[in-house]
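Structure file target_20.pdb (PDB, C-alpha atoms, pLDDT in the B column) follows.
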ATOM      1  CA  MET A  60     144.919 121.383 -22.968  1.00 53.00           C
ATOM      2  CA  SER A  61     141.964 119.066 -23.561  1.00 56.00           C
ATOM      3  CA  LYS A  62     140.568 117.154 -20.626  1.00 72.00           C
ATOM      4  CA  LYS A  63     140.167 114.083 -22.827  1.00 87.00           C
ATOM      5  CA  GLU A  64     141.229 110.801 -21.241  1.00 94.00           C
ATOM      6  CA  PHE A  65     142.904 107.762 -22.797  1.00 96.00           C
ATOM      7  CA  PRO A  66     143.241 104.094 -21.761  1.00 97.00           C
ATOM      8  CA  THR A  67     146.016 103.722 -19.188  1.00 97.00           C
ATOM      9  CA  GLN A  68     147.467 100.607 -20.812  1.00 97.00           C
ATOM     10  CA  GLN A  69     147.680 102.309 -24.208  1.00 98.00           C
ATOM     11  CA  VAL A  70     149.391 105.382 -22.736  1.00 98.00           C
ATOM     12  CA  LEU A  71     151.878 103.242 -20.807  1.00 98.00           C
ATOM     13  CA  GLU A  72     152.742 101.238 -23.929  1.00 98.00           C
ATOM     14  CA  LEU A  73     153.293 104.503 -25.823  1.00 98.00           C
ATOM     15  CA  ALA A  74     155.585 105.676 -23.015  1.00 98.00           C
ATOM     16  CA  CYS A  75     157.655 102.529 -23.526  1.00 98.00           C
ATOM     17  CA  ALA A  76     157.721 103.134 -27.290  1.00 98.00           C
ATOM     18  CA  ALA A  77     158.852 106.744 -26.762  1.00 97.00           C
ATOM     19  CA  GLN A  78     161.626 105.561 -24.436  1.00 95.00           C
ATOM     20  CA  ARG A  79     162.786 103.081 -27.073  1.00 95.00           C
ATOM     21  CA  VAL A  80     162.741 105.685 -29.862  1.00 93.00           C
ATOM     22  CA  ASN A  81     164.502 108.401 -27.844  1.00 91.00           C
ATOM     23  CA  GLY A  82     166.828 106.019 -26.028  1.00 85.00           C
ATOM     24  CA  ALA A  83     166.081 107.864 -22.771  1.00 85.00           C
ATOM     25  CA  TYR A  84     163.501 110.023 -21.049  1.00 91.00           C
ATOM     26  CA  ILE A  85     163.634 113.482 -22.616  1.00 91.00           C
ATOM     27  CA  LYS A  86     161.743 116.065 -20.579  1.00 92.00           C
ATOM     28  CA  GLU A  87     162.651 119.065 -22.728  1.00 90.00           C
ATOM     29  CA  GLU A  88     163.352 119.269 -26.458  1.00 87.00           C
ATOM     30  CA  ALA A  89     167.003 118.413 -27.086  1.00 79.00           C
ATOM     31  CA  PRO A  90     169.034 119.717 -30.056  1.00 80.00           C
ATOM     32  CA  VAL A  91     170.845 117.129 -32.162  1.00 76.00           C
ATOM     33  CA  TYR A  92     174.077 118.102 -33.887  1.00 77.00           C
ATOM     34  CA  SER A  93     176.162 116.512 -36.630  1.00 75.00           C
ATOM     35  CA  GLU A  94     179.735 115.377 -36.003  1.00 74.00           C
ATOM     36  CA  ASP A  95     181.030 118.731 -37.258  1.00 80.00           C
ATOM     37  CA  GLY A  96     178.781 120.627 -34.821  1.00 79.00           C
ATOM     38  CA  ALA A  97     176.046 121.713 -37.232  1.00 82.00           C
ATOM     39  CA  PHE A  98     172.487 121.814 -35.842  1.00 81.00           C
ATOM     40  CA  MET A  99     170.347 119.091 -37.401  1.00 80.00           C
ATOM     41  CA  TYR A 100     167.007 118.960 -35.576  1.00 79.00           C
ATOM     42  CA  LEU A 101     165.277 118.979 -32.198  1.00 82.00           C
ATOM     43  CA  LYS A 102     164.590 115.665 -30.531  1.00 88.00           C
ATOM     44  CA  HIS A 103     161.007 115.710 -29.287  1.00 94.00           C
ATOM     45  CA  THR A 104     160.121 114.956 -25.691  1.00 96.00           C
ATOM     46  CA  ASN A 105     158.661 111.573 -24.825  1.00 97.00           C
ATOM     47  CA  LYS A 106     155.487 113.252 -23.621  1.00 97.00           C
ATOM     48  CA  ILE A 107     154.811 115.213 -26.812  1.00 96.00           C
ATOM     49  CA  GLN A 108     155.434 112.109 -28.941  1.00 97.00           C
ATOM     50  CA  MET A 109     152.825 110.249 -26.904  1.00 98.00           C
ATOM     51  CA  LEU A 110     150.331 113.123 -27.105  1.00 96.00           C
ATOM     52  CA  CYS A 111     150.773 113.648 -30.837  1.00 96.00           C
ATOM     53  CA  THR A 112     150.342 109.942 -31.514  1.00 97.00           C
ATOM     54  CA  LEU A 113     146.959 109.963 -29.787  1.00 96.00           C
ATOM     55  CA  GLU A 114     145.885 113.515 -30.695  1.00 94.00           C
ATOM     56  CA  PRO A 115     147.744 114.740 -33.823  1.00 94.00           C
ATOM     57  CA  ALA A 116     145.779 118.004 -33.748  1.00 91.00           C
ATOM     58  CA  ILE A 117     147.582 119.004 -30.553  1.00 91.00           C
ATOM     59  CA  TRP A 118     150.636 119.908 -32.703  1.00 93.00           C
ATOM     60  CA  THR A 119     150.112 123.522 -33.812  1.00 91.00           C
ATOM     61  CA  ALA A 120     153.644 124.354 -34.986  1.00 89.00           C
ATOM     62  CA  ASP A 121     155.073 123.702 -38.456  1.00 89.00           C
ATOM     63  CA  PRO A 122     153.607 120.355 -39.634  1.00 89.00           C
ATOM     64  CA  LYS A 123     156.943 119.260 -41.086  1.00 87.00           C
ATOM     65  CA  ASP A 124     158.434 119.418 -37.578  1.00 87.00           C
ATOM     66  CA  ALA A 125     155.712 117.280 -36.009  1.00 90.00           C
ATOM     67  CA  PRO A 126     156.846 114.072 -34.292  1.00 93.00           C
ATOM     68  CA  MET A 127     156.302 110.835 -36.162  1.00 92.00           C
ATOM     69  CA  PRO A 128     153.488 108.737 -34.654  1.00 96.00           C
ATOM     70  CA  LEU A 129     154.786 106.115 -32.259  1.00 97.00           C
ATOM     71  CA  ARG A 130     154.373 102.467 -33.182  1.00 97.00           C
ATOM     72  CA  VAL A 131     154.019 100.065 -30.274  1.00 98.00           C
ATOM     73  CA  LEU A 132     156.094  96.893 -30.632  1.00 98.00           C
ATOM     74  CA  PRO A 133     155.725  93.623 -28.689  1.00 97.00           C
ATOM     75  CA  GLU A 134     158.751  94.594 -26.578  1.00 97.00           C
ATOM     76  CA  ASP A 135     156.951  97.776 -25.517  1.00 98.00           C
ATOM     77  CA  ILE A 136     153.937  95.768 -24.379  1.00 98.00           C
ATOM     78  CA  THR A 137     156.207  93.441 -22.393  1.00 97.00           C
ATOM     79  CA  LEU A 138     157.992  96.380 -20.762  1.00 97.00           C
ATOM     80  CA  ALA A 139     154.661  98.004 -19.875  1.00 97.00           C
ATOM     81  CA  GLU A 140     153.662  94.880 -17.946  1.00 96.00           C
ATOM     82  CA  GLU A 141     157.041  94.772 -16.178  1.00 95.00           C
ATOM     83  CA  ILE A 142     156.565  98.410 -15.156  1.00 95.00           C
ATOM     84  CA  ARG A 143     153.115  97.693 -13.743  1.00 93.00           C
ATOM     85  CA  LYS A 144     154.532  94.843 -11.649  1.00 91.00           C
ATOM     86  CA  HIS A 145     157.484  96.945 -10.539  1.00 90.00           C
ATOM     87  CA  PHE A 146     155.417  99.887  -9.327  1.00 87.00           C
ATOM     88  CA  ARG A 147     153.003  97.744  -7.353  1.00 83.00           C
ATOM     89  CA  LYS A 148     155.611  97.861  -4.603  1.00 74.00           C
ATOM     90  CA  PHE A 149     154.726 101.544  -4.182  1.00 62.00           C
ATOM     91  CA  LEU A 150     151.212 100.662  -3.105  1.00 63.00           C
ATOM     92  CA  PHE A 151     151.882 100.736   0.653  1.00 57.00           C
ATOM     93  CA  SER A 152     153.777 104.034   0.509  1.00 51.00           C
ATOM     94  CA  ALA A 153     151.035 105.505  -1.629  1.00 48.00           C
ATOM     95  CA  ILE A 154     148.407 104.496   0.882  1.00 51.00           C
ATOM     96  CA  GLU A 155     150.498 105.957   3.688  1.00 52.00           C
ATOM     97  CA  GLY A 156     150.906 109.167   1.689  1.00 51.00           C
ATOM     98  CA  GLU A 157     154.665 109.239   2.258  1.00 56.00           C
ATOM     99  CA  ASN A 158     155.623 110.161  -1.302  1.00 69.00           C
ATOM    100  CA  ASP A 159     153.633 112.358  -3.707  1.00 79.00           C
ATOM    101  CA  PHE A 160     155.191 110.762  -6.805  1.00 81.00           C
ATOM    102  CA  GLN A 161     154.381 107.264  -5.598  1.00 80.00           C
ATOM    103  CA  THR A 162     150.847 108.332  -4.703  1.00 82.00           C
ATOM    104  CA  ASN A 163     150.249 109.824  -8.155  1.00 86.00           C
ATOM    105  CA  ILE A 164     151.725 106.825  -9.954  1.00 89.00           C
ATOM    106  CA  ASN A 165     149.647 104.388  -7.924  1.00 86.00           C
ATOM    107  CA  THR A 166     146.500 106.402  -8.663  1.00 88.00           C
ATOM    108  CA  ILE A 167     147.251 106.506 -12.398  1.00 93.00           C
ATOM    109  CA  LEU A 168     148.167 102.824 -12.763  1.00 92.00           C
ATOM    110  CA  SER A 169     145.108 101.809 -10.726  1.00 91.00           C
ATOM    111  CA  SER A 170     142.798 103.760 -13.045  1.00 94.00           C
ATOM    112  CA  ASP A 171     141.404 102.663 -16.393  1.00 96.00           C
ATOM    113  CA  THR A 172     142.137 105.992 -18.054  1.00 96.00           C
ATOM    114  CA  VAL A 173     144.751 108.752 -17.935  1.00 95.00           C
ATOM    115  CA  LYS A 174     144.133 112.486 -18.307  1.00 94.00           C
ATOM    116  CA  GLN A 175     146.316 114.417 -20.726  1.00 92.00           C
ATOM    117  CA  ASN A 176     147.725 116.514 -17.903  1.00 92.00           C
ATOM    118  CA  GLN A 177     149.023 113.280 -16.298  1.00 94.00           C
ATOM    119  CA  PHE A 178     150.988 112.124 -19.349  1.00 96.00           C
ATOM    120  CA  GLY A 179     154.217 113.486 -17.883  1.00 94.00           C
ATOM    121  CA  TYR A 180     154.025 111.022 -14.994  1.00 94.00           C
ATOM    122  CA  VAL A 181     153.544 108.089 -17.353  1.00 97.00           C
ATOM    123  CA  ALA A 182     156.190 109.288 -19.826  1.00 97.00           C
ATOM    124  CA  CYS A 183     158.947 109.048 -17.208  1.00 95.00           C
ATOM    125  CA  LEU A 184     158.017 105.592 -15.879  1.00 96.00           C
ATOM    126  CA  PRO A 185     160.227 103.529 -18.243  1.00 96.00           C
ATOM    127  CA  SER A 186     163.216 105.674 -17.236  1.00 92.00           C
ATOM    128  CA  VAL A 187     162.403 105.425 -13.520  1.00 91.00           C
ATOM    129  CA  HIS A 188     161.976 101.669 -13.909  1.00 92.00           C
ATOM    130  CA  VAL A 189     165.439 101.357 -15.489  1.00 85.00           C
ATOM    131  CA  ARG A 190     166.953 103.473 -12.716  1.00 85.00           C
ATOM    132  CA  ASP A 191     165.276 101.478  -9.943  1.00 87.00           C
ATOM    133  CA  ILE A 192     166.365  98.133 -11.401  1.00 86.00           C
ATOM    134  CA  ALA A 193     169.913  99.435 -11.775  1.00 82.00           C
ATOM    135  CA  GLN A 194     170.010 100.723  -8.203  1.00 85.00           C
ATOM    136  CA  THR A 195     168.851  97.342  -6.888  1.00 87.00           C
ATOM    137  CA  LYS A 196     171.505  95.465  -8.877  1.00 85.00           C
ATOM    138  CA  VAL A 197     174.253  97.862  -7.797  1.00 89.00           C
ATOM    139  CA  LYS A 198     173.197  97.652  -4.145  1.00 88.00           C
ATOM    140  CA  ARG A 199     173.374  93.847  -4.217  1.00 89.00           C
ATOM    141  CA  ALA A 200     176.702  93.912  -6.033  1.00 88.00           C
ATOM    142  CA  ALA A 201     178.170  96.404  -3.559  1.00 87.00           C
ATOM    143  CA  LYS A 202     177.537  93.899  -0.768  1.00 89.00           C
ATOM    144  CA  ALA A 203     178.884  90.901  -2.689  1.00 91.00           C
ATOM    145  CA  VAL A 204     182.016  92.113  -4.522  1.00 93.00           C
ATOM    146  CA  GLU A 205     185.525  92.033  -3.092  1.00 94.00           C
ATOM    147  CA  GLU A 206     187.144  95.216  -1.856  1.00 93.00           C
ATOM    148  CA  GLY A 207     190.179  96.441  -3.773  1.00 95.00           C
ATOM    149  CA  TYR A 208     190.890  97.693  -7.275  1.00 97.00           C
ATOM    150  CA  LEU A 209     191.648  96.183 -10.659  1.00 97.00           C
ATOM    151  CA  GLY A 210     195.174  97.579 -10.861  1.00 96.00           C
ATOM    152  CA  GLU A 211     197.313 100.651 -10.500  1.00 97.00           C
ATOM    153  CA  ILE A 212     196.093 104.024 -11.775  1.00 97.00           C
ATOM    154  CA  GLY A 213     197.299 104.482 -15.334  1.00 97.00           C
ATOM    155  CA  SER A 214     197.645 100.770 -16.060  1.00 97.00           C
ATOM    156  CA  ASN A 215     195.909  99.072 -19.007  1.00 97.00           C
ATOM    157  CA  LEU A 216     193.358  96.276 -18.990  1.00 97.00           C
ATOM    158  CA  LYS A 217     192.773  93.809 -21.830  1.00 97.00           C
ATOM    159  CA  ASP A 218     190.355  90.986 -22.661  1.00 97.00           C
ATOM    160  CA  LEU A 219     188.488  90.790 -19.357  1.00 97.00           C
ATOM    161  CA  ASP A 220     185.071  89.231 -18.804  1.00 97.00           C
ATOM    162  CA  ALA A 221     182.616  91.628 -17.193  1.00 96.00           C
ATOM    163  CA  GLU A 222     179.000  91.776 -16.100  1.00 94.00           C
ATOM    164  CA  ILE A 223     177.191  95.024 -16.809  1.00 94.00           C
ATOM    165  CA  ILE A 224     174.871  95.686 -13.871  1.00 92.00           C
ATOM    166  CA  SER A 225     173.794  99.244 -14.671  1.00 89.00           C
ATOM    167  CA  SER A 226     173.665 101.467 -17.763  1.00 89.00           C
ATOM    168  CA  VAL A 227     171.935 104.781 -17.123  1.00 83.00           C
ATOM    169  CA  LYS A 228     171.818 107.889 -19.329  1.00 82.00           C
ATOM    170  CA  SER A 229     174.010 110.613 -17.866  1.00 84.00           C
ATOM    171  CA  LYS A 230     172.298 113.827 -16.813  1.00 75.00           C
ATOM    172  CA  ASN A 231     175.460 115.887 -17.256  1.00 77.00           C
ATOM    173  CA  PHE A 232     177.292 114.330 -20.197  1.00 82.00           C
ATOM    174  CA  GLU A 233     176.513 112.801 -23.565  1.00 81.00           C
ATOM    175  CA  GLY A 234     176.716 109.105 -22.759  1.00 89.00           C
ATOM    176  CA  TYR A 235     175.795 106.415 -20.256  1.00 92.00           C
ATOM    177  CA  ASN A 236     177.086 105.786 -16.750  1.00 93.00           C
ATOM    178  CA  ILE A 237     178.125 102.145 -16.628  1.00 95.00           C
ATOM    179  CA  ASP A 238     178.561 100.004 -13.519  1.00 94.00           C
ATOM    180  CA  ALA A 239     180.124  96.590 -13.983  1.00 95.00           C
ATOM    181  CA  ILE A 240     181.687  93.697 -12.118  1.00 96.00           C
ATOM    182  CA  ILE A 241     185.132  92.642 -13.325  1.00 97.00           C
ATOM    183  CA  ASN A 242     187.145  89.979 -11.480  1.00 96.00           C
ATOM    184  CA  ASN A 243     184.576  90.237  -8.661  1.00 96.00           C
ATOM    185  CA  ARG A 244     185.371  93.920  -8.187  1.00 96.00           C
ATOM    186  CA  MET A 245     183.258  96.896  -9.144  1.00 96.00           C
ATOM    187  CA  ALA A 246     184.216  99.180 -12.008  1.00 97.00           C
ATOM    188  CA  SER A 247     182.541 102.152 -13.649  1.00 97.00           C
ATOM    189  CA  TRP A 248     182.966 104.379 -16.682  1.00 97.00           C
ATOM    190  CA  LEU A 249     181.163 106.776 -19.016  1.00 96.00           C
ATOM    191  CA  ASN A 250     180.265 105.048 -22.281  1.00 95.00           C
ATOM    192  CA  LYS A 251     179.210 106.790 -25.484  1.00 92.00           C
ATOM    193  CA  THR A 252     176.478 104.247 -26.130  1.00 91.00           C
ATOM    194  CA  ASN A 253     174.086 102.231 -24.015  1.00 90.00           C
ATOM    195  CA  LEU A 254     175.185  98.734 -22.977  1.00 93.00           C
ATOM    196  CA  ASN A 255     172.880  95.810 -22.318  1.00 89.00           C
ATOM    197  CA  LEU A 256     172.795  94.377 -18.832  1.00 88.00           C
ATOM    198  CA  GLY A 257     174.636  91.076 -18.622  1.00 91.00           C
ATOM    199  CA  ALA A 258     177.779  89.575 -20.077  1.00 95.00           C
ATOM    200  CA  CYS A 259     180.369  91.808 -21.712  1.00 96.00           C
ATOM    201  CA  VAL A 260     184.039  91.665 -22.714  1.00 97.00           C
ATOM    202  CA  ILE A 261     186.313  94.575 -21.911  1.00 97.00           C
ATOM    203  CA  VAL A 262     188.504  94.478 -25.007  1.00 97.00           C
ATOM    204  CA  LYS A 263     190.687  97.232 -23.592  1.00 97.00           C
ATOM    205  CA  ALA A 264     190.538 100.005 -21.016  1.00 98.00           C
ATOM    206  CA  LYS A 265     192.736 102.219 -18.876  1.00 98.00           C
ATOM    207  CA  ILE A 266     192.440 102.700 -15.134  1.00 98.00           C
ATOM    208  CA  LYS A 267     191.617 106.346 -14.552  1.00 98.00           C
ATOM    209  CA  ASP A 268     191.141 106.456 -10.798  1.00 97.00           C
ATOM    210  CA  HIS A 269     190.481 104.609  -7.546  1.00 98.00           C
ATOM    211  CA  THR A 270     187.307 105.798  -5.882  1.00 96.00           C
ATOM    212  CA  LYS A 271     184.416 104.840  -3.638  1.00 94.00           C
ATOM    213  CA  HIS A 272     180.845 104.298  -4.714  1.00 90.00           C
ATOM    214  CA  TRP A 273     178.950 107.524  -4.026  1.00 86.00           C
ATOM    215  CA  LYS A 274     176.145 105.688  -2.222  1.00 86.00           C
ATOM    216  CA  HIS A 275     177.436 102.335  -0.973  1.00 89.00           C
ATOM    217  CA  GLN A 276     181.059 103.340  -0.265  1.00 91.00           C
ATOM    218  CA  ASN A 277     182.626 100.158  -1.634  1.00 93.00           C
ATOM    219  CA  ASP A 278     185.806 100.324  -3.742  1.00 95.00           C
ATOM    220  CA  VAL A 279     185.268 101.202  -7.417  1.00 96.00           C
ATOM    221  CA  THR A 280     187.839 101.238 -10.207  1.00 98.00           C
ATOM    222  CA  ARG A 281     187.086 104.145 -12.528  1.00 98.00           C
ATOM    223  CA  LEU A 282     187.968 103.413 -16.165  1.00 98.00           C
ATOM    224  CA  ASN A 283     188.350 105.418 -19.353  1.00 97.00           C
ATOM    225  CA  TYR A 284     189.167 104.680 -23.013  1.00 97.00           C
ATOM    226  CA  VAL A 285     186.947 101.612 -22.687  1.00 97.00           C
ATOM    227  CA  LYS A 286     186.254  99.392 -25.666  1.00 97.00           C
ATOM    228  CA  ALA A 287     183.525  96.915 -24.737  1.00 96.00           C
ATOM    229  CA  ALA A 288     181.994  94.115 -26.787  1.00 96.00           C
ATOM    230  CA  GLN A 289     178.699  92.316 -26.278  1.00 92.00           C
TER     231      GLN A 289
END

Would you mind writing the file's structure down as C-alpha cells?
Amino acid sequence: MSKKEFPTQQVLELACAAQRVNGAYIKEEAPVYSEDGAFMYLKHTNKIQMLCTLEPAIWTADPKDAPMPLRVLPEDITLAEEIRKHFRKFLFSAIEGENDFQTNINTILSSDTVKQNQFGYVACLPSVHVRDIAQTKVKRAAKAVEEGYLGEIGSNLKDLDAEIISSVKSKNFEGYNIDAIINNRMASWLNKTNLNLGACVIVKAKIKDHTKHWKHQNDVTRLNYVKAAQ
C-alpha cells in the first residue's frame, strides 16, 4: 500500500460519511440479501470507501464493483468536530501510555496528516464515539432510574412515552440494541432499525423478561415485538 498521506480533517470527515452511508462501522465486507434470501451485493467496508474516494486507483477488482465515492455533508463535518472534542479526553491516558488504542488515536488526531495504513483507526472513530456516548448515558441512567420492572412477564404495553438513551448496532444479530427509560425504569430490546436518541413513543410491546443490566446491575425490563414511533 502507498505511503501517501492525507489531511487528517479530510480523512475524519470521510470516516463520518462512511458511517452515515453504511449505518455502522463495517470492518469486513458484508453480504446483503433480498427479503427472499437471494444474494444482492457486498457492502464495502468503511475503510475501503474512504481509501477509494481519495485514491480511486487503489481499487484493482472489477470496476463495476468499486465503491461509490463518498460525499461529505455538513452533518459529517459537524460530527468530525464532535469526535475531535470527544477524544481529547484520551490525551492523559495517551501520555501515560496506558492504552495503545488511545495512544494511536491521540497521535493521529494531533497530526496534520494520516498515513494510509492508519485509515482503519480513523474509520472506526464514529462508531466508537457513538458507543462511548451511549455508555455514558446508560451509566447515568442506571444511577437515576427506579428499581423494579414495567410489568409482569408476558404482559403487553401500549402508548408509553420513552426516552431512547442508546441505540447501538448489534454485533451478533441484524438490528440495534436499544436502551430506553420508560416510566423512570430501564428497558431494552433489539430493534430492526436504528432509533434516534431522545423522545419516543412505545406504540406497543410485550414484556419478554426481567433481567439485570450486564454492567451496572440495575433492573431492566426486556421487551420484544416493539413498535416504536419517533

* To do: Dump as a VMD selection string all residues having an atom at most 9 Å from (147.1, 112.5, -18.0), computed in the file's coordinates with all atoms listed in the file.
  => chain A and resid 62 to 65 67 70 167 172 to 181

Written file, previous selection with C-alpha atoms, as a compact mmCIF listing (two decimals), in the frame of the given file:
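Just written: out_28.txt:
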# COMPACT_ATOMS: atom_id res chain seq x y z
CA LYS A 62 140.57 117.15 -20.63
CA LYS A 63 140.17 114.08 -22.83
CA GLU A 64 141.23 110.80 -21.24
CA PHE A 65 142.90 107.76 -22.80
CA THR A 67 146.02 103.72 -19.19
CA VAL A 70 149.39 105.38 -22.74
CA ILE A 167 147.25 106.51 -12.40
CA THR A 172 142.14 105.99 -18.05
CA VAL A 173 144.75 108.75 -17.93
CA LYS A 174 144.13 112.49 -18.31
CA GLN A 175 146.32 114.42 -20.73
CA ASN A 176 147.72 116.51 -17.90
CA GLN A 177 149.02 113.28 -16.30
CA PHE A 178 150.99 112.12 -19.35
CA GLY A 179 154.22 113.49 -17.88
CA TYR A 180 154.02 111.02 -14.99
CA VAL A 181 153.54 108.09 -17.35

* Go through A:Arg281, A:His188, A:His272, A:His103 one by one, measure the shortest atom-to-atom distance of each to Lys144 in chain A using only C-alpha atoms, and give the residue with the smallest value. => A:His188

* Given the file above and the PyMOL selection byres ((chain A and resi 200-216) around 12), which residues are selected, and can you give them as a PyMOL selection string? -> chain A and resi 193-199+217-225+238-247+260-287

* **Result set, the PyMOL selection byres ((chain A and resi 249) around 8) on current file, as a ChimeraX atom specification** => /A:234-237,247-248,250-251,283

* To do: Please write the residues picked by the PyMOL selection byres ((chain A and resi 124) around 12) on this file as a PyMOL selection string.
  => chain A and resi 99-103+108+111+118-123+125-127

* **Length of the CA of Leu73 in chain A to CA of Ile164 in chain A vector [Å]** =>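 Computing the Euclidean distance for CA of Leu73 in chain A and CA of Ile164 in chain A yields 16.1 Å.
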
* **Proximity to Val189 in chain A - best of A:Gln69, A:Asn165, A:Thr104, A:Gln78, only C-alpha atoms** =>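 The answer is A:Gln78, which sits nearest to Val189 in chain A.
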
* Asked: CA of Asn253 in chain A and CA of Arg79 in chain A are how many Å apart?
  ->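 Between CA of Asn253 in chain A and CA of Arg79 in chain A the gap works out to 11.7 Å.
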
Find the axis-aligned box for range 187-202 of chain A, covering all its listed atoms and adding 5 Å on each side, and write its centre and edge lengths in Å to one decimal as AutoDock Vina command-line options.
--center_x 170.1 --center_y 99.6 --center_z -8.1 --size_x 26.2 --size_y 21.6 --size_z 24.7

* For CA of Leu129 in chain A and CA of Val80 in chain A, quote the distance in Å rounded to one decimal. =>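 Computed distance, CA of Leu129 in chain A to CA of Val80 in chain A, equals 8.3 Å.
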